[in-house]
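**Q** The structure's right below; bear with me while I get my questions together.
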Amino acid sequence: MESTWLIQILTFLLLTVNLNFINALPEILRIGGLFEVGDDPMEMAFKSAVDRINSDGKLIPRSRLLAQVEKVEKSDSFSASKKACGLFEQGIAAIFGPQSVETSTHIQSTCDQLHIPHMETRLDFRSVAANHSINLHPHPKVFGEAIRDLIRMKNWKNFAILYQENEALVRLEEILKDEVLREKKMVVRQFETDEYRTIFKEVNKLNIKNLIVDVPRENIHEVLRHAQQVDMLSEYHDYIFTSLDLQTVDLEDFQYAGTNISSFCLIDRSSTDFKEIIREWQSSVPVTRTNWLEEDPFISRASLLQNFTTEVALMYDSVKLLAKALHDLDRSKTINMNALSCENEEPWQYGITLTNYMRMITVRGLTGDIKFDRNGLRTDVRLKLIELTNEGLKEVGEWTSEKRVQFIGNYSKTMEEILKATLKNKTLVVTTFPGRPYTMFVEDYEKKGLTGNDRFEGYCIDLMNEIAKRLQFKYVIRLVEDRAYGRRNEKGEWNGMIRELIDGKADIAVADLTITYERESAVDFTMPFMNLGIGILFRKPKKEPPRLFSFMSPLAIEVWIYLLTAFLGVTLFLFVIARFSPYEWINPHPCIKTPEDLENNFTMKNTLWFTIGCLMQQGCDVMPRALSTRVLAASWWFFILILVSSYTANLAAFLTVERMVNPIESVEDLAKQTKIHYGCLMSGSTQAFFKNSNFSTYARMWSFMESTRPSVFVESNDKGVERVKKGDYAYLMESTSIEYIVERECDLYQVGGLLDSKGYGIATPPDSPYRGIISDTILALQEKGILQAIKEKWWSQKKCGPKDGTQKAAGAASELGLANVGGVFVVLAIGSVCAVIICIFEFIWKMKQIPRGERDHIFVELMRELKHVICCYGSTRPVRRTGMDDMGSQIIMQTPGNGIPGMPIPGYGFPHPIHAHGDFIPAFGMGKEDYS
């Protein structure tokens, strides 16, 4: 029982302490407000916020806020300071306002002296907040980063910054110093008066359609009205307003113009607090339309919403932040509201604590989460991206410092639907360039009574018909006035279809218009509807008249020379080896077993006859007997087999294939010569390709084309084709056009391969809203095979039979060079070397069979035999015997010195050589009669 009583006593004491802390705040908490004359919305928001907190009872349950409001003149700092001091003497927890810079600065210095929190909702350019300043307005750097990221996302090629007040340049500092954006064409102009048309006309002359506009909120409508009057409010223009209060401007007059008008908004219109506040304002503020939709407040034109600016929303949030801080501090310490005097400057003891605490906490308000960094600036700001549509302003995305610009999930689909709806039943101007088979006049269209678009036919016409049918728009075809595709001159000015798109004379350019980097910097292109490259169109070479010695064509001239050399060489080699080899010396009379003479069939005439017979594949009655001569003969036969077979095969090709004189076969051949002129279309992408190329071959070709007189450039492809037909001229053009031409002009063909790779695309004005949906349509046509079907329709009218667009001139057979048949020469050389080696071994072997005393040294015998061969002493010689013959007779052996002085001594068993005069030279020291 005693313990129970003790617990009850302790509980009572704790409740008493808590009650004391809860009642620590005064029952009445005064807060002051300084509002300038005419600033009624801010004053109303301040009072309304106080009333909401008092009626809510959750933030400060035991106390009530009392709003003390003073009206001041704008820029009257002295009067504002006096009234602020009067509020300090009443004992206030914080002071709100005023909005002007001069007046607010004086009030801020007074608050710093007295340590009174100064609640601000104005734009402040300082990078560090004052000691007792609580400014809920984000720093200007935040908006600069948001607009910079939006420009990057839109990928503007050029844009203009138009501003009215000098401080706008500070707000847009992040854009001006961004390195990526500074590389683009940027124009900065200031509106000196409320007459905005002058600046808009100047920007329109510069062909700039993307604009960043910084003007006060109340002037936005007038700016758009002046832009509309000078035709600067079309579907090709894009506006970004820096004001956070675009949603408060009545834009109903401009929402059907198709212009992309966007801005950022800080207020969270989807929050419950915002809807409740609007209901409260409805009962006190007259509206022009009462049946507006709360879930979609952007489309309302009620004067109620036009007065609910960002500063008004920040005023609500600042009062809520102060009440939250007072309530939280009330739980930990007692806060008293003391009367302060501006004369003695005694500070409020709780001011620093209250200011620091408000910078530490996070409160959810109408403008999102309210948080501050260590410099006292608001951080983690979340901005809503809004755009003007046919239904009014819509939220399409969001910006944060971490994720940058992010669109909502169905933004792309929604914008595509909006653009399709805008394009539906709209009539677009299409500029084109006449050229086969892309855009052509219908044959005899005047006689047929055709007018308008019906006068034209071709690939591009069918393509536009398919796109227009799918997107449900109409179009009018106009031929480009200056008959040019589009090229930029030295002054940076464009001509042709590109110029018409930039000047707004056309909405779409459809032709065989090549997508290039230079053109892409001026206009926008859809995805390519056709891929191609630069080719060379040339006239087919004439047939070569048959030559008298055309049978020699299968082999190159050097091969014929080598063949003749091989023939002579083999003949000489065979003759020498046959003379050396003892096995080629045979008995001329087979019936006589012991002949007096031996005979060699390989005389010089027989050897020549043998090699010629083998070469002609006719055979011969003289055949080799020794291994060495057979090896050489076999090598010669193999040589002949391969060479004759190759010759026969290539000769058949030369006789059956039609040969033509083809002066060029590649772009390198064209660049190396000067006899055949070459050129391209004037003011086209092909000309720009050679002009800007750094490749040595193409640069040399450009120098040649530029310096050639008369000019090699033509005004149209048709004139280029006619010039090619006349001869000695090659035309550089797109491969697809060459394919079309060679199908119909049988005497023309394409030389070599492609010089580059590129594509044709549909061009639109820069930043055109229609480019995306047209690209999607082209992709759909490609996937369904419609583009290929259209191409087959205009390309497949063949008149010259099937052919390869890149064929050479009637593929002539190539002559066989040394590289083709060089191997057989190697085989022949190896066989010859082997035959020589074998022959030497045969000679040595035979000499070894003679006793050493009956012969000279082997080297001497070898030299003697070599001399015998060189001097051609005859094809017979007596038999040289050693010891007893077969009949048992004693043979007188030859000894050195037995011969006639000055005469060569015969070798082993070989006959004495015959003298040049036919005299028989005796051997072994005998007279001539001894041989008889």
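Just remember, in the structure tokens the first chain shown is A, the second B, etc., residues are 1-based per chain, and ligands are 1-based in the order shown.
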Find the residues near region 627-629 of chain A: any atom within 12 Å, counting only C-alpha atoms, skip ones fewer than 6 places away on the same chain, and give them as a PDB file with C-alpha atoms, in the first residue's frame.
**A**
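Final file, part.pdb:
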ATOM      1  CA  VAL A 570      68.372 -25.932-118.730  1.00  0.00           C
ATOM      2  CA  THR A 571      69.757 -26.704-122.183  1.00  0.00           C
ATOM      3  CA  LEU A 572      73.263 -25.626-121.169  1.00  0.00           C
ATOM      4  CA  PHE A 573      73.033 -27.388-117.812  1.00  0.00           C
ATOM      5  CA  LEU A 574      71.832 -30.608-119.379  1.00  0.00           C
ATOM      6  CA  PHE A 575      74.607 -30.497-121.972  1.00  0.00           C
ATOM      7  CA  VAL A 576      77.328 -29.959-119.339  1.00  0.00           C
ATOM      8  CA  ILE A 577      75.988 -32.592-116.963  1.00  0.00           C
ATOM      9  CA  ALA A 578      75.568 -35.136-119.754  1.00  0.00           C
ATOM     10  CA  ARG A 579      79.189 -34.614-120.763  1.00  0.00           C
ATOM     11  CA  PHE A 580      80.375 -34.951-117.187  1.00  0.00           C
ATOM     12  CA  SER A 581      78.400 -38.030-116.308  1.00  0.00           C
ATOM     13  CA  PRO A 582      80.205 -41.252-117.372  1.00  0.00           C
ATOM     14  CA  TYR A 583      76.869 -42.998-117.613  1.00  0.00           C
ATOM     15  CA  GLU A 584      75.849 -40.891-120.593  1.00  0.00           C
ATOM     16  CA  PHE A 602      73.556 -35.212-125.765  1.00  0.00           C
ATOM     17  CA  THR A 607      70.054 -31.159-126.068  1.00  0.00           C
ATOM     18  CA  PHE A 610      65.225 -32.416-126.125  1.00  0.00           C
ATOM     19  CA  SER A 635      62.617 -30.949-112.881  1.00  0.00           C
ATOM     20  CA  TRP A 636      62.220 -29.537-116.381  1.00  0.00           C
ATOM     21  CA  GLY A 831      66.475 -29.821-109.717  1.00  0.00           C
ATOM     22  CA  SER A 832      69.360 -28.279-111.632  1.00  0.00           C
ATOM     23  CA  VAL A 833      71.472 -27.944-108.517  1.00  0.00           C
ATOM     24  CA  CYS A 834      70.722 -31.542-107.529  1.00  0.00           C
ATOM     25  CA  ALA A 835      71.691 -32.735-111.022  1.00  0.00           C
ATOM     26  CA  VAL A 836      75.069 -30.947-110.798  1.00  0.00           C
ATOM     27  CA  ILE A 837      75.828 -32.449-107.408  1.00  0.00           C
ATOM     28  CA  ILE A 838      74.902 -35.954-108.560  1.00  0.00           C
ATOM     29  CA  CYS A 839      77.009 -35.531-111.681  1.00  0.00           C
ATOM     30  CA  ILE A 840      80.067 -34.618-109.629  1.00  0.00           C
ATOM     31  CA  PHE A 841      79.536 -37.617-107.391  1.00  0.00           C
ATOM     32  CA  GLU A 842      79.249 -39.852-110.455  1.00  0.00           C
ATOM     33  CA  PHE A 843      82.548 -38.511-111.804  1.00  0.00           C
TER      34      PHE A 843
END
**Q** Name the residues in contact with Asn158 (chain A) at a cut-off of 6 Å, using only C-alpha atoms, excluding same-chain residues fewer than 3 positions from it; report them as a count of residues only.
**A** 3
**Q** If we count only C-alpha atoms and set the cut-off at 12 Å, which residues sit around Ala45 (chain A), ignoring sequence neighbours fewer than 5 positions away in its own chain? Please answer as a ChimeraX atom specification.
**A** /A:33,35,39-40,50-52,67,69,96,121,277-278,280-281,284,307-320
**Q** Put those residues in a file: N, CA and C atoms, as a JSON list (two decimals), in the first residue's frame.
**A**
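In the end it all went to out_10.json:
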[["chain", "number", "residue", "atom", "x", "y", "z"],
["A", 33, "GLY", "N", 4.32, 42.48, -38.25],
["A", 33, "GLY", "CA", 4.37, 42.42, -39.70],
["A", 33, "GLY", "C", 4.45, 43.81, -40.29],
["A", 35, "PHE", "N", 4.23, 45.71, -43.79],
["A", 35, "PHE", "CA", 3.80, 45.51, -45.17],
["A", 35, "PHE", "C", 3.66, 46.86, -45.84],
["A", 39, "ASP", "N", 0.46, 46.22, -50.76],
["A", 39, "ASP", "CA", 0.85, 44.81, -50.68],
["A", 39, "ASP", "C", -0.19, 44.03, -49.90],
["A", 40, "ASP", "N", -1.41, 44.10, -50.35],
["A", 40, "ASP", "CA", -2.52, 43.48, -49.62],
["A", 40, "ASP", "C", -2.44, 41.96, -49.59],
["A", 50, "VAL", "N", -1.81, 33.28, -39.38],
["A", 50, "VAL", "CA", -1.96, 33.37, -37.92],
["A", 50, "VAL", "C", -3.29, 32.76, -37.49],
["A", 51, "ASP", "N", -4.34, 33.07, -38.23],
["A", 51, "ASP", "CA", -5.66, 32.53, -37.88],
["A", 51, "ASP", "C", -5.67, 31.01, -38.02],
["A", 52, "ARG", "N", -5.02, 30.45, -39.05],
["A", 52, "ARG", "CA", -5.00, 29.00, -39.23],
["A", 52, "ARG", "C", -4.29, 28.31, -38.09],
["A", 67, "ALA", "N", -1.25, 38.93, -34.38],
["A", 67, "ALA", "CA", -0.58, 39.62, -35.47],
["A", 67, "ALA", "C", -0.66, 41.12, -35.25],
["A", 69, "VAL", "N", 0.26, 44.38, -37.19],
["A", 69, "VAL", "CA", 0.55, 44.79, -38.55],
["A", 69, "VAL", "C", 0.73, 46.30, -38.62],
["A", 96, "PHE", "N", 8.02, 40.16, -39.52],
["A", 96, "PHE", "CA", 7.88, 39.70, -40.89],
["A", 96, "PHE", "C", 7.87, 40.91, -41.83],
["A", 121, "THR", "N", 10.73, 36.66, -46.98],
["A", 121, "THR", "CA", 10.25, 35.82, -48.09],
["A", 121, "THR", "C", 10.65, 36.41, -49.43],
["A", 277, "ILE", "N", -6.27, 26.21, -47.79],
["A", 277, "ILE", "CA", -6.11, 27.66, -47.82],
["A", 277, "ILE", "C", -6.93, 28.27, -48.95],
["A", 278, "ILE", "N", -6.98, 27.59, -50.11],
["A", 278, "ILE", "CA", -7.76, 28.10, -51.23],
["A", 278, "ILE", "C", -9.24, 28.14, -50.87],
["A", 280, "GLU", "N", -10.45, 28.62, -47.92],
["A", 280, "GLU", "CA", -10.63, 29.76, -47.03],
["A", 280, "GLU", "C", -10.63, 31.07, -47.81],
["A", 281, "TRP", "N", -9.77, 31.17, -48.80],
["A", 281, "TRP", "CA", -9.73, 32.39, -49.61],
["A", 281, "TRP", "C", -10.98, 32.53, -50.47],
["A", 284, "SER", "N", -13.58, 34.61, -48.91],
["A", 284, "SER", "CA", -13.28, 36.01, -48.63],
["A", 284, "SER", "C", -12.86, 36.81, -49.85],
["A", 307, "ASN", "N", -3.60, 35.91, -57.36],
["A", 307, "ASN", "CA", -3.00, 36.63, -56.23],
["A", 307, "ASN", "C", -2.18, 35.72, -55.31],
["A", 308, "PHE", "N", -2.30, 34.42, -55.51],
["A", 308, "PHE", "CA", -1.59, 33.49, -54.63],
["A", 308, "PHE", "C", -0.20, 33.24, -55.22],
["A", 309, "THR", "N", 0.71, 34.16, -54.96],
["A", 309, "THR", "CA", 2.06, 34.09, -55.51],
["A", 309, "THR", "C", 2.96, 33.25, -54.62],
["A", 310, "THR", "N", 4.19, 33.12, -55.07],
["A", 310, "THR", "CA", 5.18, 32.36, -54.30],
["A", 310, "THR", "C", 5.47, 33.04, -52.97],
["A", 311, "GLU", "N", 5.53, 34.38, -52.96],
["A", 311, "GLU", "CA", 5.79, 35.10, -51.71],
["A", 311, "GLU", "C", 4.65, 34.92, -50.72],
["A", 312, "VAL", "N", 3.44, 34.81, -51.25],
["A", 312, "VAL", "CA", 2.30, 34.54, -50.36],
["A", 312, "VAL", "C", 2.44, 33.17, -49.72],
["A", 313, "ALA", "N", 2.79, 32.17, -50.51],
["A", 313, "ALA", "CA", 2.97, 30.83, -49.96],
["A", 313, "ALA", "C", 4.12, 30.80, -48.95],
["A", 314, "LEU", "N", 5.19, 31.54, -49.24],
["A", 314, "LEU", "CA", 6.31, 31.58, -48.31],
["A", 314, "LEU", "C", 5.93, 32.27, -47.01],
["A", 315, "MET", "N", 5.00, 33.23, -47.08],
["A", 315, "MET", "CA", 4.54, 33.87, -45.84],
["A", 315, "MET", "C", 3.82, 32.86, -44.96],
["A", 316, "TYR", "N", 3.00, 32.01, -45.55],
["A", 316, "TYR", "CA", 2.35, 30.95, -44.76],
["A", 316, "TYR", "C", 3.39, 30.04, -44.12],
["A", 317, "ASP", "N", 4.37, 29.66, -44.92],
["A", 317, "ASP", "CA", 5.39, 28.73, -44.40],
["A", 317, "ASP", "C", 6.25, 29.37, -43.32],
["A", 318, "SER", "N", 6.53, 30.66, -43.42],
["A", 318, "SER", "CA", 7.37, 31.31, -42.41],
["A", 318, "SER", "C", 6.65, 31.40, -41.06],
["A", 319, "VAL", "N", 5.33, 31.68, -41.09],
["A", 319, "VAL", "CA", 4.55, 31.71, -39.84],
["A", 319, "VAL", "C", 4.50, 30.31, -39.23],
["A", 320, "LYS", "N", 4.33, 29.31, -40.07],
["A", 320, "LYS", "CA", 4.28, 27.93, -39.58],
["A", 320, "LYS", "C", 5.62, 27.51, -38.99]]
**Q** Within 7 Å of Leu537 (chain A), counting only C-alpha atoms, which residues qualify if same-chain residues fewer than 6 places away don't, as a list in words?
**A**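 Here the qualifying residues turn out to be Ala730, Tyr731, Leu732, Ile738, Leu748, Tyr749, Gln750 and Val751 of chain A.
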**Q** Which neighbours of region 219-229 of chain A fall inside 9 Å, counting only C-alpha atoms, when residues of the same chain fewer than 6 positions from it are skipped, and could you give them as a list of chain:residue names?
**A**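 Everything that qualifies: A:Asp194, A:Glu195, A:Tyr196, A:Arg197, A:Phe200, A:Lys201, A:Val213, A:Phe241, A:Ser243, A:Leu246, A:Val249, A:Asp250, A:Leu251, A:Asp253, A:Phe254, A:Ala257.
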**Q** Could you write out the selected residues, including N, CA and C atoms, as a short mmCIF file (atom, residue, chain, number, x, y, z; two decimals), in the first residue's frame?
**A**
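Output (selection_6.cif):
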data_model
loop_
_atom_site.label_atom_id
_atom_site.label_comp_id
_atom_site.auth_asym_id
_atom_site.auth_seq_id
_atom_site.Cartn_x
_atom_site.Cartn_y
_atom_site.Cartn_z
N ASP A 194 8.89 49.42 -71.69
CA ASP A 194 7.80 48.44 -71.76
C ASP A 194 7.44 48.09 -73.19
N GLU A 195 8.15 48.64 -74.16
CA GLU A 195 7.96 48.30 -75.57
C GLU A 195 8.88 47.13 -75.90
N TYR A 196 8.30 45.94 -75.93
CA TYR A 196 9.10 44.73 -76.10
C TYR A 196 9.25 44.31 -77.56
N ARG A 197 8.46 44.91 -78.44
CA ARG A 197 8.47 44.46 -79.85
C ARG A 197 9.81 44.71 -80.53
N PHE A 200 12.16 41.92 -79.79
CA PHE A 200 11.70 40.68 -80.42
C PHE A 200 11.98 40.69 -81.93
N LYS A 201 11.83 41.85 -82.56
CA LYS A 201 12.13 41.93 -83.99
C LYS A 201 13.61 41.68 -84.25
N VAL A 213 13.21 34.52 -70.74
CA VAL A 213 12.65 35.84 -70.48
C VAL A 213 12.60 36.07 -68.98
N PHE A 241 10.34 31.19 -68.78
CA PHE A 241 10.23 32.37 -67.92
C PHE A 241 10.88 32.06 -66.58
N SER A 243 10.29 33.68 -63.83
CA SER A 243 9.39 33.95 -62.71
C SER A 243 8.83 32.65 -62.14
N LEU A 246 4.43 32.05 -62.79
CA LEU A 246 3.79 31.97 -64.10
C LEU A 246 2.37 31.44 -63.98
N VAL A 249 -0.49 33.96 -63.90
CA VAL A 249 -0.75 34.81 -65.08
C VAL A 249 -1.81 34.17 -65.94
N ASP A 250 -2.73 34.97 -66.44
CA ASP A 250 -3.77 34.47 -67.33
C ASP A 250 -3.19 34.27 -68.73
N LEU A 251 -2.97 33.02 -69.13
CA LEU A 251 -2.35 32.69 -70.41
C LEU A 251 -3.35 32.10 -71.41
N ASP A 253 -5.01 33.45 -73.66
CA ASP A 253 -4.90 34.00 -75.01
C ASP A 253 -3.80 33.32 -75.82
N PHE A 254 -2.93 32.58 -75.19
CA PHE A 254 -1.76 32.02 -75.88
C PHE A 254 -1.69 30.49 -75.83
N ALA A 257 -1.70 28.66 -79.28
CA ALA A 257 -0.73 29.04 -80.31
C ALA A 257 0.26 27.93 -80.60
#
**Q** Residues at most 8 Å from Ile60 (chain A), counting only C-alpha atoms, excluding those fewer than 4 positions away in the same chain, as a PyMOL selection string?
**A** chain A and resi 53-54+64+323-324+326-327
**Q** Write the selection just made, keeping N, CA and C atoms, as a CSV table (one decimal), in the first residue's frame?
**A**
chain,number,residue,atom,x,y,z
A,53,ILE,N,-3.2,28.9,-37.7
A,53,ILE,CA,-2.4,28.3,-36.6
A,53,ILE,C,-3.2,28.3,-35.3
A,54,ASN,N,-3.9,29.4,-35.1
A,54,ASN,CA,-4.7,29.6,-33.8
A,54,ASN,C,-5.9,28.6,-33.8
A,64,ARG,N,-1.8,31.6,-28.1
A,64,ARG,CA,-2.3,32.2,-29.3
A,64,ARG,C,-1.4,33.2,-29.9
A,323,ALA,N,6.0,29.1,-35.5
A,323,ALA,CA,5.1,28.5,-34.5
A,323,ALA,C,5.7,27.1,-34.1
A,324,LYS,N,6.2,26.4,-35.1
A,324,LYS,CA,6.8,25.1,-34.8
A,324,LYS,C,8.0,25.2,-33.9
A,326,LEU,N,8.7,27.7,-31.8
A,326,LEU,CA,8.3,28.2,-30.4
A,326,LEU,C,7.7,27.0,-29.6
A,327,HIS,N,6.9,26.2,-30.3
A,327,HIS,CA,6.3,25.0,-29.6
A,327,HIS,C,7.4,24.0,-29.1
**Q** Grab the CA of Ala511 (chain A) to CA of His677 (chain A) distance for me, in Å with one decimal place.
**A** 27.5 Å
**Q** What is the CA of Asp462 (chain A) to CA of Ala522 (chain A) distance in Å?
**A**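 Interatomic distance here is 26.5 Å.
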